[in-house]
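Next comes input.tsv, with TSV, C-alpha atoms.
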```tsv
chain	number	residue	atom	x	y	z
A	678	MET	CA	8.09	22.73	-24.17
A	679	GLN	CA	5.30	20.15	-23.94
A	680	ASN	CA	2.09	20.73	-22.01
A	681	TYR	CA	0.00	17.66	-21.14
A	682	SER	CA	-3.45	17.70	-19.56
A	683	ILE	CA	-4.43	14.88	-17.19
A	684	ARG	CA	-7.99	14.18	-16.14
A	685	SER	CA	-8.69	13.31	-12.51
A	686	SER	CA	-11.65	13.12	-10.17
A	687	SER	CA	-10.57	16.43	-8.67
A	688	GLY	CA	-10.34	18.14	-12.04
A	689	ALA	CA	-7.74	18.35	-14.77
A	690	TYR	CA	-4.13	19.30	-14.06
A	691	ARG	CA	-1.17	19.95	-16.33
A	692	VAL	CA	2.32	18.57	-16.72
A	693	LEU	CA	4.77	21.15	-18.04
A	694	CYS	CA	7.66	19.23	-19.57
A	695	GLY	CA	10.76	20.66	-21.20
A	696	ALA	CA	13.92	22.69	-20.80
A	697	GLY	CA	13.31	25.88	-18.80
A	698	SER	CA	9.90	24.80	-17.50
A	699	ILE	CA	11.00	25.53	-13.93
A	700	ARG	CA	10.93	29.25	-14.79
A	701	ARG	CA	7.14	28.95	-15.11
A	702	LEU	CA	6.66	27.61	-11.57
A	703	SER	CA	6.03	31.03	-10.08
A	704	SER	CA	3.31	31.82	-12.63
A	705	VAL	CA	1.69	28.41	-12.00
A	706	ILE	CA	1.47	29.25	-8.31
A	707	GLY	CA	0.32	32.78	-9.07
A	708	ARG	CA	-2.74	31.47	-10.90
A	709	GLN	CA	-3.99	29.73	-7.76
A	710	ARG	CA	-6.63	31.46	-5.68
A	711	ALA	CA	-6.19	32.46	-2.05
A	712	VAL	CA	-2.80	30.88	-1.39
A	713	SER	CA	-1.95	31.75	2.21
A	714	GLY	CA	1.55	30.32	2.09
A	715	VAL	CA	3.90	28.21	-0.04
A	716	PHE	CA	5.83	25.40	1.67
A	717	LEU	CA	8.57	23.43	-0.08
A	718	LEU	CA	9.16	19.83	0.97
A	719	SER	CA	12.44	18.37	-0.24
A	720	SER	CA	15.43	16.27	0.78
A	721	ARG	CA	18.84	17.56	1.75
A	722	THR	CA	20.37	15.92	-1.31
A	723	ALA	CA	17.85	17.33	-3.77
A	724	TRP	CA	17.91	20.78	-2.18
A	725	LYS	CA	21.72	20.90	-2.35
A	726	HIS	CA	21.52	20.62	-6.14
A	727	CYS	CA	18.19	22.34	-6.84
A	728	GLY	CA	17.67	24.85	-4.03
A	729	ALA	CA	19.32	27.78	-5.78
A	730	THR	CA	17.29	27.15	-8.93
A	731	LEU	CA	14.05	26.94	-6.96
A	732	GLY	CA	14.95	30.07	-5.05
A	733	GLY	CA	15.46	31.91	-8.30
A	734	ALA	CA	12.19	30.60	-9.72
A	735	LEU	CA	10.09	31.43	-6.66
A	736	GLY	CA	11.81	34.36	-5.03
A	737	ARG	CA	13.36	34.53	-1.58
A	738	GLU	CA	10.09	34.97	0.32
A	739	ARG	CA	8.37	31.90	-1.13
A	740	ALA	CA	11.47	29.68	-1.08
A	741	GLY	CA	12.08	30.48	2.58
A	742	ASN	CA	9.41	28.06	3.85
A	743	THR	CA	11.47	24.95	3.17
A	744	ILE	CA	11.27	21.68	5.12
A	745	LEU	CA	13.90	19.03	4.42
A	746	PHE	CA	13.68	15.32	5.23
A	747	ASP	CA	15.51	12.09	4.48
A	748	ASP	CA	14.69	10.70	1.02
A	749	ALA	CA	16.08	7.21	1.59
A	750	GLU	CA	13.53	4.49	0.84
A	751	THR	CA	13.90	3.36	4.46
A	752	ALA	CA	12.59	6.77	5.58
A	753	LYS	CA	9.41	6.45	3.52
A	754	SER	CA	7.37	5.69	6.61
A	755	LEU	CA	4.47	6.71	8.82
A	756	SER	CA	6.92	8.28	11.28
A	757	THR	CA	8.18	10.58	8.51
A	758	LEU	CA	4.57	11.52	7.69
A	759	ASP	CA	3.99	12.37	11.35
A	760	HIS	CA	7.18	14.45	11.51
A	761	LEU	CA	6.37	16.47	8.38
A	762	CYS	CA	2.78	17.19	9.40
A	763	ARG	CA	4.05	18.47	12.75
A	764	GLU	CA	6.63	20.63	11.00
A	765	LEU	CA	3.93	22.16	8.81
A	766	HIS	CA	1.76	22.85	11.85
A	767	ARG	CA	4.65	24.55	13.65
A	768	ALA	CA	5.37	26.62	10.54
A	769	GLY	CA	1.76	27.86	10.43
A	770	ALA	CA	0.48	25.97	7.39
A	771	ASP	CA	-3.29	26.20	7.01
A	772	ARG	CA	-5.95	25.07	4.54
A	773	GLY	CA	-4.96	27.79	2.10
A	774	SER	CA	-1.36	26.57	1.98
A	775	LEU	CA	0.29	25.02	-1.04
A	776	LEU	CA	2.99	22.34	-0.91
A	777	VAL	CA	5.71	22.09	-3.55
A	778	ALA	CA	7.41	18.67	-3.56
A	779	VAL	CA	10.97	19.02	-4.87
A	780	GLY	CA	12.90	15.78	-5.35
A	781	GLY	CA	12.71	12.20	-6.50
A	782	GLY	CA	10.12	9.48	-6.09
A	783	VAL	CA	10.39	9.18	-2.31
A	784	VAL	CA	9.98	12.93	-1.83
A	785	GLY	CA	7.00	13.00	-4.18
A	786	ASP	CA	5.28	9.98	-2.63
A	787	VAL	CA	5.73	11.21	0.94
A	788	ALA	CA	4.97	14.87	0.23
A	789	GLY	CA	1.90	13.82	-1.74
A	790	PHE	CA	0.62	11.80	1.20
A	791	VAL	CA	1.34	14.74	3.52
A	792	ALA	CA	-0.68	17.01	1.22
A	793	ALA	CA	-3.53	14.48	1.14
A	794	SER	CA	-3.54	14.08	4.94
A	795	TYR	CA	-2.69	17.44	6.48
A	796	LEU	CA	-5.91	19.27	7.40
A	797	ARG	CA	-7.68	16.66	5.22
A	798	GLY	CA	-6.02	17.95	2.08
A	799	ILE	CA	-4.06	20.98	0.86
A	800	ARG	CA	-2.87	21.86	-2.63
A	801	LEU	CA	0.20	20.20	-4.12
A	802	ILE	CA	2.64	20.84	-6.97
A	803	HIS	CA	5.31	18.33	-7.98
A	804	VAL	CA	8.75	19.44	-9.15
A	805	PRO	CA	10.40	16.06	-9.88
A	806	THR	CA	14.20	16.07	-10.04
A	807	THR	CA	15.04	12.44	-10.88
A	808	LEU	CA	14.30	10.53	-14.06
A	809	VAL	CA	11.97	8.03	-12.40
A	810	ALA	CA	10.01	10.85	-10.77
A	811	GLN	CA	9.82	12.91	-13.95
A	812	ILE	CA	8.50	10.13	-16.17
A	813	ASP	CA	6.48	8.12	-13.68
A	814	SER	CA	5.89	8.72	-9.98
A	815	SER	CA	4.98	12.43	-10.10
A	816	ILE	CA	2.13	11.77	-12.56
A	817	GLY	CA	-1.12	10.05	-11.67
A	818	GLY	CA	-1.81	10.99	-8.06
A	819	LYS	CA	-0.41	7.96	-6.25
A	820	THR	CA	1.02	8.81	-2.83
A	821	GLY	CA	2.11	6.63	0.04
A	822	VAL	CA	4.62	5.21	2.46
A	823	ASN	CA	5.97	1.74	3.14
A	824	LEU	CA	5.38	-0.75	5.92
A	825	SER	CA	7.85	-3.48	6.86
A	826	GLU	CA	5.34	-5.88	5.29
A	827	GLY	CA	5.54	-4.23	1.87
A	828	LYS	CA	5.95	-1.18	-0.34
A	829	ASN	CA	3.39	1.64	-0.53
A	830	LEU	CA	0.85	-0.21	1.59
A	831	VAL	CA	-0.46	3.01	3.18
A	832	GLY	CA	-1.36	5.97	1.00
A	833	ALA	CA	-3.98	7.77	-1.05
A	834	PHE	CA	-4.84	8.78	-4.58
A	835	TYR	CA	-4.30	12.53	-4.46
A	836	PRO	CA	-3.71	14.42	-7.70
A	837	PRO	CA	-1.52	17.54	-7.72
A	838	ILE	CA	-2.64	20.84	-9.21
A	839	ALA	CA	0.40	20.79	-11.53
A	840	VAL	CA	3.65	18.99	-12.32
A	841	VAL	CA	6.68	20.98	-13.52
A	842	THR	CA	9.28	18.74	-15.15
A	843	ASP	CA	12.59	20.26	-16.22
A	844	PRO	CA	15.21	17.82	-17.60
A	845	ALA	CA	17.99	20.22	-16.53
A	846	PHE	CA	17.71	18.74	-13.03
A	847	LEU	CA	18.88	15.35	-14.33
A	848	GLY	CA	22.41	16.60	-14.93
A	849	THR	CA	23.39	16.21	-11.26
A	850	LEU	CA	21.98	12.70	-10.80
A	851	PRO	CA	24.47	9.98	-9.83
A	852	ASP	CA	24.86	7.32	-12.52
A	853	ALA	CA	23.10	4.65	-10.48
A	854	GLN	CA	20.07	6.89	-9.94
A	855	PHE	CA	19.96	7.84	-13.61
A	856	ARG	CA	20.06	4.17	-14.68
A	857	SER	CA	17.40	3.39	-12.09
A	858	GLY	CA	15.07	5.74	-13.94
A	859	LEU	CA	15.98	4.20	-17.30
A	860	PHE	CA	14.51	0.87	-16.25
A	861	GLU	CA	11.15	2.62	-15.99
A	862	VAL	CA	11.71	4.03	-19.48
A	863	VAL	CA	12.16	0.46	-20.73
A	864	LYS	CA	8.86	-0.40	-19.05
A	865	TYR	CA	7.00	2.17	-21.14
A	866	GLY	CA	8.53	0.77	-24.32
A	867	VAL	CA	7.40	-2.75	-23.46
A	868	ILE	CA	3.87	-1.96	-22.30
A	869	ARG	CA	2.69	0.32	-25.11
A	870	ASP	CA	5.39	2.12	-27.15
A	871	ALA	CA	7.26	-0.09	-29.63
A	872	GLU	CA	8.82	2.98	-31.26
A	873	LEU	CA	10.33	4.05	-27.95
A	874	PHE	CA	11.61	0.51	-27.41
A	875	ARG	CA	13.32	0.46	-30.81
A	876	PHE	CA	14.87	3.83	-29.98
A	877	LEU	CA	16.29	2.35	-26.76
A	878	GLU	CA	17.72	-0.61	-28.66
A	879	ARG	CA	19.53	1.66	-31.11
A	880	ASN	CA	20.58	4.55	-28.89
A	881	MET	CA	21.46	3.21	-25.44
A	882	PRO	CA	25.07	4.53	-25.55
A	883	ARG	CA	23.80	8.07	-26.27
A	884	ILE	CA	21.19	7.74	-23.54
A	885	LEU	CA	23.76	6.60	-20.98
A	886	ARG	CA	25.93	9.59	-21.95
A	887	ARG	CA	22.87	11.75	-21.15
A	888	ASP	CA	22.71	13.39	-24.56
A	889	ARG	CA	20.35	16.28	-23.81
A	890	SER	CA	18.22	16.03	-26.95
A	891	VAL	CA	17.82	12.28	-26.48
A	892	ILE	CA	16.86	12.59	-22.81
A	893	GLU	CA	14.30	15.30	-23.58
A	894	TRP	CA	12.77	13.10	-26.28
A	895	ILE	CA	12.42	9.98	-24.13
A	896	THR	CA	11.17	12.01	-21.14
A	897	ALA	CA	8.39	13.63	-23.17
A	898	ARG	CA	7.52	10.27	-24.73
A	899	CYS	CA	7.10	8.61	-21.34
A	900	VAL	CA	5.17	11.52	-19.85
A	901	ARG	CA	2.77	11.39	-22.79
A	902	SER	CA	2.18	7.66	-22.23
A	903	LYS	CA	1.65	8.03	-18.48
A	904	ALA	CA	-0.69	10.99	-18.98
A	905	SER	CA	-2.79	9.04	-21.46
A	906	ILE	CA	-3.02	5.94	-19.25
A	907	VAL	CA	-3.91	7.62	-15.95
A	908	SER	CA	-6.42	9.95	-17.62
A	909	LYS	CA	-8.34	6.87	-18.73
A	910	ASP	CA	-8.01	4.94	-15.45
A	911	GLU	CA	-7.21	7.06	-12.40
A	912	ARG	CA	-7.80	4.40	-9.72
A	913	GLU	CA	-6.10	1.42	-11.39
A	914	SER	CA	-9.28	-0.54	-12.03
A	915	GLY	CA	-8.24	-1.58	-15.54
A	916	LEU	CA	-5.77	-0.16	-18.05
A	917	ARG	CA	-3.54	1.51	-15.46
A	918	GLN	CA	-2.52	-1.92	-14.24
A	919	ILE	CA	-0.15	-2.20	-17.21
A	920	LEU	CA	2.11	0.29	-15.42
A	921	ASN	CA	2.81	-2.48	-12.89
A	922	PHE	CA	4.88	-4.42	-15.44
A	923	GLY	CA	7.99	-5.47	-13.51
A	924	HIS	CA	6.60	-4.24	-10.21
A	925	THR	CA	5.04	-7.49	-8.96
A	926	PHE	CA	8.41	-9.10	-8.31
A	927	GLY	CA	10.24	-5.76	-8.11
A	928	HIS	CA	8.34	-4.55	-5.04
A	929	ALA	CA	8.87	-7.91	-3.34
A	930	LEU	CA	12.60	-7.69	-4.05
A	931	GLU	CA	12.76	-4.21	-2.50
A	932	ALA	CA	10.86	-5.31	0.60
A	933	ALA	CA	12.91	-8.48	1.04
A	934	GLY	CA	16.08	-6.36	0.99
A	935	ARG	CA	14.56	-3.93	3.53
A	936	TYR	CA	14.76	-1.20	0.86
A	937	ARG	CA	18.56	-1.09	1.15
A	938	ARG	CA	19.92	-3.51	-1.45
A	939	HIS	CA	18.24	-2.39	-4.68
A	940	LEU	CA	17.23	1.00	-5.99
A	941	HIS	CA	13.62	1.04	-7.15
A	942	GLY	CA	14.49	0.90	-10.84
A	943	GLU	CA	17.00	-1.89	-10.31
A	944	ALA	CA	14.32	-3.98	-8.60
A	945	ILE	CA	11.94	-3.23	-11.49
A	946	GLY	CA	14.64	-4.34	-13.92
A	947	TRP	CA	14.73	-7.75	-12.26
A	948	GLY	CA	10.93	-7.74	-12.15
A	949	MET	CA	10.72	-7.22	-15.91
A	950	ILE	CA	13.12	-10.11	-16.52
A	951	VAL	CA	11.07	-12.42	-14.27
A	952	ALA	CA	7.78	-11.36	-15.92
A	953	THR	CA	9.26	-11.90	-19.38
A	954	LEU	CA	10.45	-15.38	-18.42
A	955	LEU	CA	6.96	-16.17	-17.13
A	956	ALA	CA	5.43	-14.98	-20.41
A	957	LEU	CA	7.88	-17.17	-22.32
A	958	ALA	CA	7.16	-20.20	-20.14
A	959	THR	CA	3.40	-19.83	-20.70
A	960	ASP	CA	3.71	-19.29	-24.48
A	961	ARG	CA	2.45	-15.72	-24.27
A	962	ILE	CA	5.54	-14.35	-26.02
A	963	GLY	CA	8.02	-15.73	-28.52
A	964	THR	CA	11.72	-16.27	-27.90
A	965	THR	CA	12.83	-13.43	-30.18
A	966	GLN	CA	10.62	-10.84	-28.50
A	967	ALA	CA	11.51	-12.07	-25.01
A	968	THR	CA	15.22	-11.90	-25.82
A	969	ARG	CA	14.85	-8.31	-27.05
A	970	ILE	CA	13.23	-7.25	-23.79
A	971	ILE	CA	15.81	-8.90	-21.55
A	972	ARG	CA	18.69	-7.52	-23.64
A	973	VAL	CA	17.45	-3.93	-23.36
A	974	VAL	CA	16.91	-4.33	-19.60
A	975	THR	CA	20.47	-5.55	-19.14
A	976	ALA	CA	21.86	-2.91	-21.52
A	977	VAL	CA	20.80	-0.20	-19.05
A	978	GLY	CA	23.54	-1.35	-16.71
A	979	PRO	CA	24.55	-3.92	-14.13
A	980	LEU	CA	21.86	-5.09	-11.73
A	981	PRO	CA	22.78	-5.91	-8.12
A	982	GLU	CA	22.59	-9.66	-7.64
A	983	ILE	CA	19.49	-11.30	-6.24
A	984	ASP	CA	19.43	-14.27	-3.92
A	985	ALA	CA	17.23	-16.62	-5.91
A	986	GLY	CA	17.85	-19.51	-3.53
A	987	HIS	CA	14.86	-18.76	-1.26
A	988	PRO	CA	12.04	-17.66	-3.56
A	989	SER	CA	9.31	-18.50	-1.03
A	990	GLU	CA	10.21	-15.28	0.79
A	991	PHE	CA	9.45	-13.32	-2.37
A	992	LEU	CA	6.13	-15.14	-2.77
A	993	ALA	CA	5.07	-14.05	0.72
A	994	PHE	CA	5.78	-10.41	-0.07
A	995	MET	CA	3.99	-10.65	-3.42
A	996	ARG	CA	0.89	-12.13	-1.79
A	997	GLY	CA	0.82	-9.23	0.67
A	998	ASP	CA	1.22	-6.60	-2.05
A	999	LYS	CA	-1.64	-4.19	-2.74
A	1000	LYS	CA	-1.89	-5.52	-6.31
A	1001	SER	CA	-2.80	-9.04	-5.17
A	1002	ARG	CA	-6.39	-10.16	-4.63
A	1003	ALA	CA	-7.29	-12.50	-1.74
A	1004	GLY	CA	-3.61	-13.47	-1.57
A	1005	ARG	CA	-3.51	-14.37	-5.27
A	1006	ILE	CA	-0.60	-12.79	-7.12
A	1007	ARG	CA	-1.55	-10.98	-10.33
A	1008	TRP	CA	1.00	-10.45	-13.09
A	1009	VAL	CA	1.47	-8.11	-16.02
A	1010	LEU	CA	3.08	-10.17	-18.79
A	1011	PRO	CA	4.35	-9.07	-22.22
A	1012	ARG	CA	2.98	-10.68	-25.33
A	1013	ALA	CA	5.14	-8.60	-27.70
A	1014	VAL	CA	7.15	-5.39	-27.51
A	1015	GLY	CA	4.51	-2.68	-27.07
A	1016	HIS	CA	1.75	-4.99	-25.78
A	1017	VAL	CA	1.04	-6.62	-22.41
A	1018	ASN	CA	-1.75	-8.49	-20.62
A	1019	TRP	CA	-2.64	-7.84	-16.99
A	1020	GLY	CA	-4.39	-9.59	-14.11
A	1021	ILE	CA	-2.77	-12.96	-14.85
A	1022	GLU	CA	-2.54	-15.57	-12.09
A	1023	LEU	CA	0.13	-18.28	-12.30
A	1024	PRO	CA	1.13	-21.38	-10.30
A	1025	ASP	CA	3.69	-20.77	-7.56
A	1026	GLN	CA	6.08	-23.39	-8.93
A	1027	LEU	CA	6.25	-21.56	-12.26
A	1028	VAL	CA	7.02	-18.28	-10.50
A	1029	ILE	CA	9.72	-19.93	-8.40
A	1030	ALA	CA	11.33	-21.37	-11.53
A	1031	ALA	CA	11.35	-17.95	-13.23
A	1032	ILE	CA	12.97	-16.29	-10.21
A	1033	ARG	CA	15.68	-18.94	-10.15
A	1034	GLU	CA	16.29	-18.60	-13.88
A	1035	ALA	CA	16.46	-14.79	-13.90
A	1036	PRO	CA	20.17	-14.41	-12.99
A	1037	GLU	CA	21.23	-16.80	-15.77
A	1038	ALA	CA	18.93	-15.10	-18.28
A	1039	SER	CA	20.53	-11.77	-17.38
A	1040	ARG	CA	24.04	-13.19	-17.76
A	1041	LEU	CA	23.26	-14.67	-21.18
A	1042	ALA	CA	21.77	-11.38	-22.38
A	1043	ARG	CA	24.97	-9.57	-21.46
A	1044	ALA	CA	27.22	-12.12	-23.18
```
What is this file in C-alpha cells?
Amino acid sequence: MQNYSIRSSSGAYRVLCGAGSIRRLSSVIGRQRAVSGVFLLSSRTAWKHCGATLGGALGRERAGNTILFDDAETAKSLSTLDHLCRELHRAGADRGSLLVAVGGGVVGDVAGFVAASYLRGIRLIHVPTTLVAQIDSSIGGKTGVNLSEGKNLVGAFYPPIAVVTDPAFLGTLPDAQFRSGLFEVVKYGVIRDAELFRFLERNMPRILRRDRSVIEWITARCVRSKASIVSKDERESGLRQILNFGHTFGHALEAAGRYRRHLHGEAIGWGMIVATLLALATDRIGTTQATRIIRVVTAVGPLPEIDAGHPSEFLAFMRGDKKSRAGRIRWVLPRAVGHVNWGIELPDQLVIAAIREAPEASRLARA
C-alpha cells in the first residue's frame, strides 16, 4: 500500500492507495478530534456496489448516516448543493461533523463543495470509486458544480483531511466509465511521465482487461504525479495548469452537449487530440511524437462522434471557461511525450481548423 502526503494551505493530508486500503478508513476517522457525527454522501449507483463494503469498514452506526443523490453530470448543480445542505441540516450535522464522499468525480466534486459551504466548512474524506476519481479528481482540493454556461464555474478549493483509494472498487465499473478514466491516465503520461506513456503503448490490452497488478501500478503512478503537482501549486497559479491538458476543448465539448453526450474522459480524449493537432500546427511537436499521442488516445476505445461543423459554439464555451483570461483561451500543448507548455494563446482560425481535423486524425490513428 502506498501512502502519499500532499501539502495544502490547510495543512498536509494523506492519500492511502492500494488493495485493502478501505479497511483503514475507520482508523483514519478515529484519529480525528471531536467528531460529533459521520455523514456519508454518495450516489445510488455507487452505494449499490460499495455500500456493503463501507458498512463493514465503518460499522453499522457510522454507515447509517447516509445521504444519496444523483451523480449524473446534469445533476452537478447549485440546486443539488442546496438539497444536500438541507438534508445535512435535517439530519443534525454540525461543525463537528465529518463528511465521507463515496463515489466518482461528480460525487466528490459536489460533496467537496458541500463540505466547503455547509456551516462555512466541515471536515471531508474522499473515498473515490471510479478510475477518474481515484487518480485525479479526489486529489488536490478542487470542488464545484456546473452552470449552463460552463463546467465547474462555481466552487472552491477545499482540501480533504484524507483520501482512501482502493482499486477493488474498480471491478464493478461499466466499461465506458473505466475507459473514461483511462483517458486521464493518458494525460498523465503526456504531461510528465514518459515511462507511464510507454507502458500504456505496450500494455493497453492488459489494461482494458483490468489486470489487477497493472491497474494498481498505473493508479499509484498517477496518484504520485498528481500529489507532486498539487503540493507545489495548490491554487493553479503555475505548474498545476499542466493538468488541464485536454480540458480546454474537453470542457467546452461537455458543455455544448449539455453534459449528456460525452463522459468526462471521452471529452478529454477529444481535447487531447485537438491540443496535439494545435501543437503540431505550431511546430511545438514533431509528427512522430504527435502520432504516438493520438494513437494511444484512440487505443483506449471508441470516442463518441463530435459535430465539428459549428466550431464557433465551442469557442464561446472556451472563452467563458474559468481557465481563460479576459476571454482569451489558454492552451496546454505537448512538445514531446512527458513534456508540455501551458498558458498558450492561439488564433481562433487555427483552433477551428484543429477541431475540424480531429475526427479524421482519430480515424487515421485507428486504421
* To do: Compile the contact shell of stretch 742-746 of chain A as a PyMOL selection string: residues with an atom at most 8 Å away, counting all atoms listed in the file, same-chain residues fewer than 3 positions apart removed.
  => chain A and resi 715-721+724+738-739+757+761+764+768
Expected file: the selected residues, C-alpha atoms, as a PDB file, keeping the file's coordinate frame:
```pdb
ATOM      1  CA  VAL A 715       3.900  28.210  -0.040  1.00  0.00           C
ATOM      2  CA  PHE A 716       5.830  25.400   1.670  1.00  0.00           C
ATOM      3  CA  LEU A 717       8.570  23.430  -0.080  1.00  0.00           C
ATOM      4  CA  LEU A 718       9.160  19.830   0.970  1.00  0.00           C
ATOM      5  CA  SER A 719      12.440  18.370  -0.240  1.00  0.00           C
ATOM      6  CA  SER A 720      15.430  16.270   0.780  1.00  0.00           C
ATOM      7  CA  ARG A 721      18.840  17.560   1.750  1.00  0.00           C
ATOM      8  CA  TRP A 724      17.910  20.780  -2.180  1.00  0.00           C
ATOM      9  CA  GLU A 738      10.090  34.970   0.320  1.00  0.00           C
ATOM     10  CA  ARG A 739       8.370  31.900  -1.130  1.00  0.00           C
ATOM     11  CA  THR A 757       8.180  10.580   8.510  1.00  0.00           C
ATOM     12  CA  LEU A 761       6.370  16.470   8.380  1.00  0.00           C
ATOM     13  CA  GLU A 764       6.630  20.630  11.000  1.00  0.00           C
ATOM     14  CA  ALA A 768       5.370  26.620  10.540  1.00  0.00           C
TER      15      ALA A 768
END
```
Compile the contact shell of A:Ser704 as a short mmCIF file (atom, residue, chain, number, x, y, z; two decimals) with C-alpha atoms, in the frame of the given file: residues with an atom at most 12 Å away, counting all atoms listed in the file, same-chain residues fewer than 4 positions apart removed.
```cif
data_model
loop_
_atom_site.label_atom_id
_atom_site.label_comp_id
_atom_site.auth_asym_id
_atom_site.auth_seq_id
_atom_site.Cartn_x
_atom_site.Cartn_y
_atom_site.Cartn_z
CA SER A 698 9.90 24.80 -17.50
CA ILE A 699 11.00 25.53 -13.93
CA ARG A 700 10.93 29.25 -14.79
CA ARG A 708 -2.74 31.47 -10.90
CA GLN A 709 -3.99 29.73 -7.76
CA ALA A 734 12.19 30.60 -9.72
CA LEU A 735 10.09 31.43 -6.66
CA GLY A 736 11.81 34.36 -5.03
CA ALA A 839 0.40 20.79 -11.53
CA VAL A 841 6.68 20.98 -13.52
#
```
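Atom pair atom CA of A:Val907 / atom CA of A:Val862 has a distance of 16.4 Å (rounded to one decimal).
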* Asked: Restricting the calculation to all atoms listed in the file, which member of A:Val809, A:Val779, A:Leu796, A:Leu955 is positioned closest to A:Pro1024?
  -> A:Leu955
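Atom CA of A:Gly927 sits 11.3 Å away from atom CA of A:Phe860.
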* Determine, counting all atoms listed in the file, every residue of protein, DNA or RNA that lies within 7 Å of (4.3, -7.3, -4.5) in the file coordinates, then give the result as an MDAnalysis selection string. => chainID A and resid 924:926 928:929 994:1000
Restrict the calculation to only C-alpha atoms, then for each residue of stretch 903-940 of chain A with any atom at most 9 Å from an atom of stretch 828-838 of chain A give the closest atom pair and their distance in Å to one decimal, rows by chain and rising residue number, as a Markdown table.
```
| residue | atom | partner | partner_atom | distance |
| --- | --- | --- | --- | --- |
| A:Glu911 | CA | A:Phe834 | CA | 8.4 |
| A:Arg912 | CA | A:Phe834 | CA | 7.4 |
| A:His928 | CA | A:Lys828 | CA | 6.3 |
| A:Ala929 | CA | A:Lys828 | CA | 7.9 |
| A:Glu931 | CA | A:Lys828 | CA | 7.8 |
| A:Ala932 | CA | A:Lys828 | CA | 6.5 |
| A:Tyr936 | CA | A:Lys828 | CA | 8.9 |
```
